[in-house]
Structures are given as structure tokens and as C-alpha cells.
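One file, my_file-v4.txt, carrying compact mmCIF, C-alpha atoms:
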# COMPACT_ATOMS: atom_id res chain seq x y z
CA MET A 1 52.58 98.59 -12.32
CA ALA A 2 50.51 101.61 -11.32
CA LYS A 3 50.09 104.40 -13.83
CA ASP A 4 51.67 107.75 -13.13
CA VAL A 5 49.32 110.21 -11.47
CA PHE A 6 48.60 112.17 -14.64
CA SER A 7 48.12 109.20 -16.95
CA ALA A 8 45.91 107.37 -14.44
CA HIS A 9 43.09 109.68 -15.50
CA ARG A 10 42.10 107.67 -18.56
CA HIS A 11 39.26 105.52 -19.78
CA VAL A 12 39.63 101.76 -19.93
CA GLU A 13 39.68 101.18 -23.66
CA THR A 14 39.00 98.25 -25.96
CA MET A 15 38.52 98.00 -29.72
CA ARG A 16 36.43 95.66 -31.81
CA LEU A 17 38.05 95.48 -35.22
CA ASP A 18 35.84 95.53 -38.29
CA ALA A 19 37.85 94.23 -41.27
CA GLY A 20 35.57 96.18 -43.60
CA ARG A 21 36.83 99.49 -42.23
CA THR A 22 40.34 98.55 -41.10
CA ALA A 23 43.72 98.96 -42.82
CA VAL A 24 47.10 97.58 -41.81
CA ILE A 25 49.86 100.20 -42.07
CA VAL A 26 53.34 98.69 -42.40
CA VAL A 27 55.85 101.39 -41.51
CA ASP A 28 59.37 101.41 -42.95
CA MET A 29 60.13 97.70 -43.11
CA VAL A 30 62.75 98.55 -45.72
CA ASN A 31 66.22 97.27 -46.52
CA ASP A 32 68.06 100.30 -45.11
CA PHE A 33 66.57 99.68 -41.65
CA CYS A 34 66.60 95.88 -41.64
CA LYS A 35 69.09 94.21 -43.94
CA PRO A 36 72.88 93.85 -43.70
CA GLY A 37 74.45 96.69 -45.65
CA GLY A 38 71.58 99.05 -44.85
CA ALA A 39 72.31 102.61 -43.78
CA MET A 40 70.72 102.36 -40.29
CA VAL A 41 70.08 98.72 -39.47
CA LEU A 42 67.91 97.83 -36.46
CA PRO A 43 69.42 94.67 -34.94
CA ASP A 44 67.39 91.47 -34.90
CA TYR A 45 64.61 92.65 -37.22
CA GLU A 46 63.87 88.98 -37.96
CA ARG A 47 61.86 88.61 -34.76
CA LEU A 48 59.24 90.95 -36.22
CA VAL A 49 58.58 88.98 -39.40
CA ARG A 50 56.40 86.18 -38.01
CA PRO A 51 54.04 88.42 -35.98
CA GLN A 52 53.86 90.93 -38.82
CA LEU A 53 52.92 88.19 -41.27
CA GLN A 54 50.22 86.99 -38.87
CA VAL A 55 48.58 90.40 -39.06
CA ILE A 56 49.18 90.91 -42.80
CA GLU A 57 47.81 87.49 -43.78
CA ALA A 58 44.74 87.91 -41.56
CA ALA A 59 44.05 91.28 -43.18
CA ARG A 60 44.41 89.89 -46.69
CA ALA A 61 42.14 86.96 -45.87
CA ARG A 62 39.37 89.37 -44.88
CA GLY A 63 39.96 91.86 -47.69
CA ALA A 64 41.37 94.57 -45.41
CA PRO A 65 43.95 96.70 -47.25
CA VAL A 66 47.64 96.42 -46.42
CA ILE A 67 49.48 99.69 -46.98
CA TRP A 68 53.24 99.70 -47.27
CA VAL A 69 55.05 102.85 -46.16
CA HIS A 70 58.49 103.58 -47.59
CA ASP A 71 60.83 106.17 -46.13
CA GLU A 72 62.45 107.84 -49.16
CA HIS A 73 64.62 110.95 -49.49
CA ARG A 74 65.35 112.93 -52.63
CA ARG A 75 68.89 113.66 -53.67
CA ASN A 76 70.47 117.12 -53.55
CA MET A 77 67.98 118.76 -51.23
CA ARG A 78 69.27 121.92 -49.62
CA ARG A 79 67.68 120.97 -46.32
CA ASP A 80 65.86 117.70 -45.67
CA ARG A 81 64.60 118.11 -42.10
CA GLU A 82 64.91 114.44 -41.27
CA LEU A 83 68.49 114.28 -42.53
CA LEU A 84 69.44 117.16 -40.23
CA LYS A 85 68.95 114.67 -37.38
CA ARG A 86 69.81 111.32 -39.00
CA THR A 87 72.59 109.94 -41.16
CA PRO A 88 71.71 109.81 -44.90
CA HIS A 89 69.43 106.86 -45.63
CA CYS A 90 66.68 105.60 -47.96
CA GLU A 91 67.86 107.46 -51.04
CA GLU A 92 65.11 107.87 -53.64
CA GLY A 93 64.94 104.93 -56.06
CA GLY A 94 67.58 102.92 -54.23
CA TRP A 95 67.72 99.44 -52.76
CA GLY A 96 67.41 100.85 -49.26
CA THR A 97 63.83 102.06 -49.78
CA ARG A 98 62.46 98.66 -50.85
CA ILE A 99 60.29 96.58 -48.51
CA ILE A 100 62.16 93.52 -47.25
CA GLU A 101 61.36 90.42 -49.26
CA ASP A 102 60.50 88.47 -46.09
CA LEU A 103 57.09 90.15 -45.93
CA GLY A 104 55.96 89.48 -49.49
CA ALA A 105 54.66 92.97 -50.29
CA ARG A 106 52.58 92.93 -53.46
CA GLU A 107 52.64 95.44 -56.27
CA ASP A 108 48.83 95.53 -56.35
CA GLU A 109 48.75 96.74 -52.74
CA ILE A 110 49.03 100.41 -51.82
CA HIS A 111 52.52 101.86 -51.39
CA VAL A 112 53.06 105.27 -49.80
CA THR A 113 56.31 107.23 -49.92
CA LYS A 114 57.12 109.55 -47.02
CA ARG A 115 59.92 112.05 -46.44
CA ARG A 116 59.29 112.70 -42.75
CA TYR A 117 58.81 110.41 -39.78
CA SER A 118 55.01 110.26 -39.95
CA ALA A 119 53.32 108.30 -42.74
CA PHE A 120 50.65 111.03 -42.81
CA PHE A 121 52.82 114.15 -43.01
CA GLY A 122 52.99 115.47 -46.57
CA THR A 123 51.55 112.28 -48.10
CA ASP A 124 48.14 111.26 -49.46
CA LEU A 125 47.65 108.51 -46.86
CA ASP A 126 44.72 110.20 -45.10
CA LEU A 127 42.95 110.88 -48.40
CA THR A 128 43.55 107.29 -49.50
CA LEU A 129 42.14 105.88 -46.27
CA LYS A 130 39.09 108.12 -46.46
CA ASP A 131 38.46 107.03 -50.05
CA MET A 132 38.61 103.43 -48.81
CA MET A 133 36.21 104.30 -45.95
CA VAL A 134 38.77 103.15 -43.40
CA THR A 135 38.38 104.35 -39.81
CA GLN A 136 40.53 101.82 -37.92
CA LEU A 137 44.27 101.28 -38.27
CA VAL A 138 46.63 98.51 -37.25
CA VAL A 139 50.10 100.04 -37.24
CA ILE A 140 53.21 97.83 -37.36
CA GLY A 141 56.84 98.32 -38.34
CA VAL A 142 59.94 100.26 -37.29
CA VAL A 143 60.88 102.07 -35.31
CA THR A 144 58.35 102.31 -32.50
CA ASN A 145 59.71 105.48 -30.92
CA ILE A 146 60.15 107.45 -34.15
CA CYS A 147 58.18 106.65 -37.31
CA VAL A 148 55.61 104.27 -35.82
CA ARG A 149 54.89 106.64 -32.97
CA SER A 150 54.69 109.69 -35.24
CA THR A 151 52.27 107.87 -37.52
CA VAL A 152 50.12 106.81 -34.56
CA HIS A 153 50.04 110.37 -33.23
CA ASP A 154 48.94 111.83 -36.55
CA GLY A 155 46.41 109.06 -37.11
CA PHE A 156 44.88 109.77 -33.70
CA PHE A 157 44.75 113.51 -34.41
CA LEU A 158 42.96 112.74 -37.70
CA GLY A 159 40.30 110.69 -35.92
CA TYR A 160 41.33 107.07 -36.57
CA GLU A 161 40.99 104.30 -34.00
CA ILE A 162 44.42 102.70 -33.71
CA VAL A 163 45.84 99.45 -32.40
CA VAL A 164 49.56 98.65 -32.23
CA PRO A 165 50.64 95.01 -31.74
CA HIS A 166 53.70 95.35 -29.53
CA ASP A 167 55.46 92.29 -30.96
CA ALA A 168 55.07 93.54 -34.55
CA CYS A 169 57.07 96.71 -33.99
CA ALA A 170 60.48 97.46 -32.52
CA ALA A 171 62.19 100.53 -31.12
CA THR A 172 65.79 101.64 -30.96
CA GLY A 173 66.09 100.02 -27.52
CA PRO A 174 64.05 98.40 -24.69
CA ARG A 175 63.56 101.68 -22.80
CA GLU A 176 62.26 103.41 -25.92
CA GLN A 177 59.96 100.49 -26.77
CA GLU A 178 58.40 100.41 -23.32
CA SER A 179 58.03 104.18 -23.04
CA SER A 180 56.50 104.58 -26.50
CA LEU A 181 54.05 101.71 -26.04
CA TYR A 182 53.07 103.09 -22.64
CA ASP A 183 52.29 106.49 -24.16
CA ILE A 184 50.39 104.95 -27.10
CA ALA A 185 48.30 102.77 -24.79
CA THR A 186 47.64 105.64 -22.40
CA HIS A 187 47.00 108.53 -24.79
CA PHE A 188 46.66 107.53 -28.44
CA GLY A 189 45.28 104.02 -28.99
CA VAL A 190 45.30 100.39 -27.96
CA VAL A 191 48.38 98.21 -27.54
CA SER A 192 47.88 94.49 -28.03
CA ASP A 193 49.78 91.57 -29.61
CA ALA A 194 49.84 90.19 -33.14
CA GLU A 195 47.97 86.97 -32.40
CA THR A 196 45.09 88.83 -30.77
CA VAL A 197 44.94 91.41 -33.55
CA ALA A 198 45.01 88.73 -36.26
CA ARG A 199 42.17 86.89 -34.54
CA ALA A 200 40.20 90.12 -34.21
CA LEU A 201 40.63 90.81 -37.93
CA ARG A 202 39.36 87.32 -38.73
CA ASP A 203 36.32 87.23 -36.45
CA GLY A 204 35.77 90.71 -35.01
CA ALA A 205 36.94 89.75 -31.54
CA GLU A 206 37.53 92.50 -29.02
CA VAL A 207 41.05 93.81 -28.54
CA ALA A 208 41.86 94.90 -25.00
CA ASN A 209 44.51 97.47 -24.13
CA LEU A 210 47.50 95.85 -22.46
CA ASP A 211 48.74 97.30 -19.20
CA ILE A 212 52.16 98.58 -20.25
CA ALA A 213 54.62 99.34 -17.46
CA ALA A 214 55.46 102.97 -16.95
Would you encode the structure as C-alpha cells?
Amino acid sequence: MAKDVFSAHRHVETMRLDAGRTAVIVVDMVNDFCKPGGAMVLPDYERLVRPQLQVIEAARARGAPVIWVHDEHRRNMRRDRELLKRTPHCEEGGWGTRIIEDLGAREDEIHVTKRRYSAFFGTDLDLTLKDMMVTQLVVIGVVTNICVRSTVHDGFFLGYEIVVPHDACAATGPREQESSLYDIATHFGVVSDAETVARALRDGAEVANLDIAA
């Protein structure tokens, strides 16, 4: 499908991943968003597990850091901006903030707690990545049109090269998934798939930007 007139004015973009300067950012794959009994469960999260593990295992095999992002909200705040818009969720220290067991998150990997949609806003993620000399990010998780997208935006503004495997993230609905991926591919990074990204992490193959329908 042809790009809209404004977005057609873009460069054709590819990325060549270098595992030595790449990190995988896993956004909000927590019980409250995925598991039965969670506060805001995204249906059919299970379809994300296999492609996410492809990327995670490829990163670990090459020594690229995997960073786990937990949405977490403190009790008794007078005004939590996120909770003005969303039902209470991911209460600090609770079951809902824990990464789902399906993904095998390790304690010796980096875990970042956030209180807003973006994994960068008000956290030490950028400082951590700079200390690790990371300049490329693979961003996966939920949900594409809120926390994944916000993280991608901030990462782009901070100067990181970013790739999002479309099958390793999910939105609140098909329209939101397509629209968010279109905007990411057009304005903020590269959209690919988990198999291609995993292969690129293993051998430095080039990752081409998919042509996402408008």
C-alpha cells in the first residue's frame, strides 16, 4: 500500500545489528497484563512468547543484554498520572508486576521499574545503556500502542537505533497494532520480525524495514 503523502518523504532504512552494542528491551510482560487474574489482561498473550524467546535467546547467546521493564505503581499517591487514565494495576511489590514465568527472566539480568508509559521516563535506563555502550535497541513487549511505542519514541529522541519485531509485540487491537507499527517504521525506527532479528543478532545480518500498511 502506498504511503500517505506526508510520510512518503522518508529514507529507505535498514539496520545491521551489532550484538556488542545492542540490548533487548522487554516491555511490561508482567502478570497484570498477561495472566488470568491480572488487572488489565491483553487477550492471547501466549502468541508472543515463542517469537520473544527467539529474540531473547539469540541475544543471550551473543552476550547482548536483556533488560526487563516492569510497570509498577506506588500505593497512596495523591496523583499518579498513569492511573488518571487507566484502572489501578501493577501495584508496587505485588504479583502483578512480576515478569511472566514463560519468558524465564533471570535475576542476574537488568530489571528496570517504570511508573509511566515509557521505559525511559523517570528511570535510569538511558544511563544504564550508555554505561553498557549500547546504541541499538530491540524493543518487544506490550502494548504496542502505549508503552512499547512510548519507549520507542523516547529511545529515538535519545539517539538510539531501534528495531521492533512486529510479532514480538501486541497492541490493544488490530487497528492500533497496524497504526503504531506504521508510525514506528515511518518515523522512529525499523519494523521487522522476530526470526529476522534473531538471525541478525547471531550473525550481523541486515534488517530491512517492512512495508507496513497505512
Distance query Gly141 (chain A) at most 9 Å, only C-alpha atoms, self and fewer than 2 positions along chain excluded, as a PyMOL selection string
chain A and resi 25-29+48+52+139+143-144+147-148+168-170
State, in Å with one decimal place, the distance from CA of Gly96 (chain A) to CA of Lys114 (chain A).
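It comes out at 13.7 Å.
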I'd like the contact shell of region 121-133 of chain A - 12 Å cut-off, only C-alpha atoms, skipping same-chain residues fewer than 2 positions apart - returned as a ChimeraX atom specification.
/A:18-25,63-72,110-119,135-137,147,150-160
Same residues, C-alpha atoms, output as a CSV table (one decimal), in the coordinates of the input:
chain,number,residue,atom,x,y,z
A,18,ASP,CA,35.8,95.5,-38.3
A,19,ALA,CA,37.8,94.2,-41.3
A,20,GLY,CA,35.6,96.2,-43.6
A,21,ARG,CA,36.8,99.5,-42.2
A,22,THR,CA,40.3,98.6,-41.1
A,23,ALA,CA,43.7,99.0,-42.8
A,24,VAL,CA,47.1,97.6,-41.8
A,25,ILE,CA,49.9,100.2,-42.1
A,63,GLY,CA,40.0,91.9,-47.7
A,64,ALA,CA,41.4,94.6,-45.4
A,65,PRO,CA,44.0,96.7,-47.2
A,66,VAL,CA,47.6,96.4,-46.4
A,67,ILE,CA,49.5,99.7,-47.0
A,68,TRP,CA,53.2,99.7,-47.3
A,69,VAL,CA,55.0,102.8,-46.2
A,70,HIS,CA,58.5,103.6,-47.6
A,71,ASP,CA,60.8,106.2,-46.1
A,72,GLU,CA,62.4,107.8,-49.2
A,110,ILE,CA,49.0,100.4,-51.8
A,111,HIS,CA,52.5,101.9,-51.4
A,112,VAL,CA,53.1,105.3,-49.8
A,113,THR,CA,56.3,107.2,-49.9
A,114,LYS,CA,57.1,109.6,-47.0
A,115,ARG,CA,59.9,112.0,-46.4
A,116,ARG,CA,59.3,112.7,-42.8
A,117,TYR,CA,58.8,110.4,-39.8
A,118,SER,CA,55.0,110.3,-40.0
A,119,ALA,CA,53.3,108.3,-42.7
A,135,THR,CA,38.4,104.4,-39.8
A,136,GLN,CA,40.5,101.8,-37.9
A,137,LEU,CA,44.3,101.3,-38.3
A,147,CYS,CA,58.2,106.6,-37.3
A,150,SER,CA,54.7,109.7,-35.2
A,151,THR,CA,52.3,107.9,-37.5
A,152,VAL,CA,50.1,106.8,-34.6
A,153,HIS,CA,50.0,110.4,-33.2
A,154,ASP,CA,48.9,111.8,-36.6
A,155,GLY,CA,46.4,109.1,-37.1
A,156,PHE,CA,44.9,109.8,-33.7
A,157,PHE,CA,44.8,113.5,-34.4
A,158,LEU,CA,43.0,112.7,-37.7
A,159,GLY,CA,40.3,110.7,-35.9
A,160,TYR,CA,41.3,107.1,-36.6
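The smallest atom-to-atom distance between Cys34 (chain A) and any of A:Thr87, A:Trp95, A:Val49, A:Ile100, using only C-alpha atoms, is found for A:Ile100.
Going from CA of Glu161 (chain A) to CA of Gly189 (chain A) covers 6.6 Å.
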Å distance separating CA of Ala171 (chain A) from CA of Val30 (chain A), one decimal place:
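Computing the Euclidean distance for CA of Ala171 (chain A) and CA of Val30 (chain A) yields 14.7 Å.
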Quick one: residues within 8 Å of region 199-208 of chain A, only C-alpha atoms counted, chain neighbours fewer than 4 positions away excluded, as an NGL selection string?
:A and (13-19 or 58-59 or 61-62 or 190-192 or 195)
May I have the residues within 12 Å of Asn209 (chain A) as an mmCIF file with C-alpha atoms, in the coordinates of the input, using all atoms listed in the file and disregarding those fewer than 5 positions away in the same chain?
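part36.cif written:
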data_model
loop_
_atom_site.group_PDB
_atom_site.id
_atom_site.type_symbol
_atom_site.label_atom_id
_atom_site.label_comp_id
_atom_site.auth_asym_id
_atom_site.auth_seq_id
_atom_site.Cartn_x
_atom_site.Cartn_y
_atom_site.Cartn_z
ATOM 1 C CA ARG A 10 42.100 107.670 -18.560
ATOM 2 C CA HIS A 11 39.260 105.520 -19.780
ATOM 3 C CA VAL A 12 39.630 101.760 -19.930
ATOM 4 C CA GLU A 13 39.680 101.180 -23.660
ATOM 5 C CA THR A 14 39.000 98.250 -25.960
ATOM 6 C CA MET A 15 38.520 98.000 -29.720
ATOM 7 C CA ARG A 16 36.430 95.660 -31.810
ATOM 8 C CA ILE A 162 44.420 102.700 -33.710
ATOM 9 C CA VAL A 163 45.840 99.450 -32.400
ATOM 10 C CA VAL A 164 49.560 98.650 -32.230
ATOM 11 C CA PRO A 165 50.640 95.010 -31.740
ATOM 12 C CA HIS A 166 53.700 95.350 -29.530
ATOM 13 C CA LEU A 181 54.050 101.710 -26.040
ATOM 14 C CA TYR A 182 53.070 103.090 -22.640
ATOM 15 C CA ASP A 183 52.290 106.490 -24.160
ATOM 16 C CA ILE A 184 50.390 104.950 -27.100
ATOM 17 C CA ALA A 185 48.300 102.770 -24.790
ATOM 18 C CA THR A 186 47.640 105.640 -22.400
ATOM 19 C CA HIS A 187 47.000 108.530 -24.790
ATOM 20 C CA PHE A 188 46.660 107.530 -28.440
ATOM 21 C CA GLY A 189 45.280 104.020 -28.990
ATOM 22 C CA VAL A 190 45.300 100.390 -27.960
ATOM 23 C CA VAL A 191 48.380 98.210 -27.540
ATOM 24 C CA SER A 192 47.880 94.490 -28.030
ATOM 25 C CA ASP A 193 49.780 91.570 -29.610
ATOM 26 C CA THR A 196 45.090 88.830 -30.770
ATOM 27 C CA VAL A 197 44.940 91.410 -33.550
#
If you count all atoms listed in the file, which residues fall within 10 Å of Asp102 (chain A), apart from same-chain ones fewer than 3 positions away, as a PyMOL selection string?
chain A and resi 29+46+49-50+53+99+105
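Each of A:Ala194, A:Ile146, A:Val55, A:Met40 was compared to Leu103 (chain A) using only C-alpha atoms, and A:Val55 turns out to be the nearest.
Closest approach to Ser179 (chain A) from the set A:Val142, A:Ile212, A:Ala39, A:Ile56 is made by A:Ile212, with distances taken over all atoms listed in the file.
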Please determine, counting all atoms listed in the file, which residue among A:Ala198, A:Glu107, A:Glu91, A:Pro36 has the shortest atom-to-atom distance to Gln54 (chain A).
A:Ala198
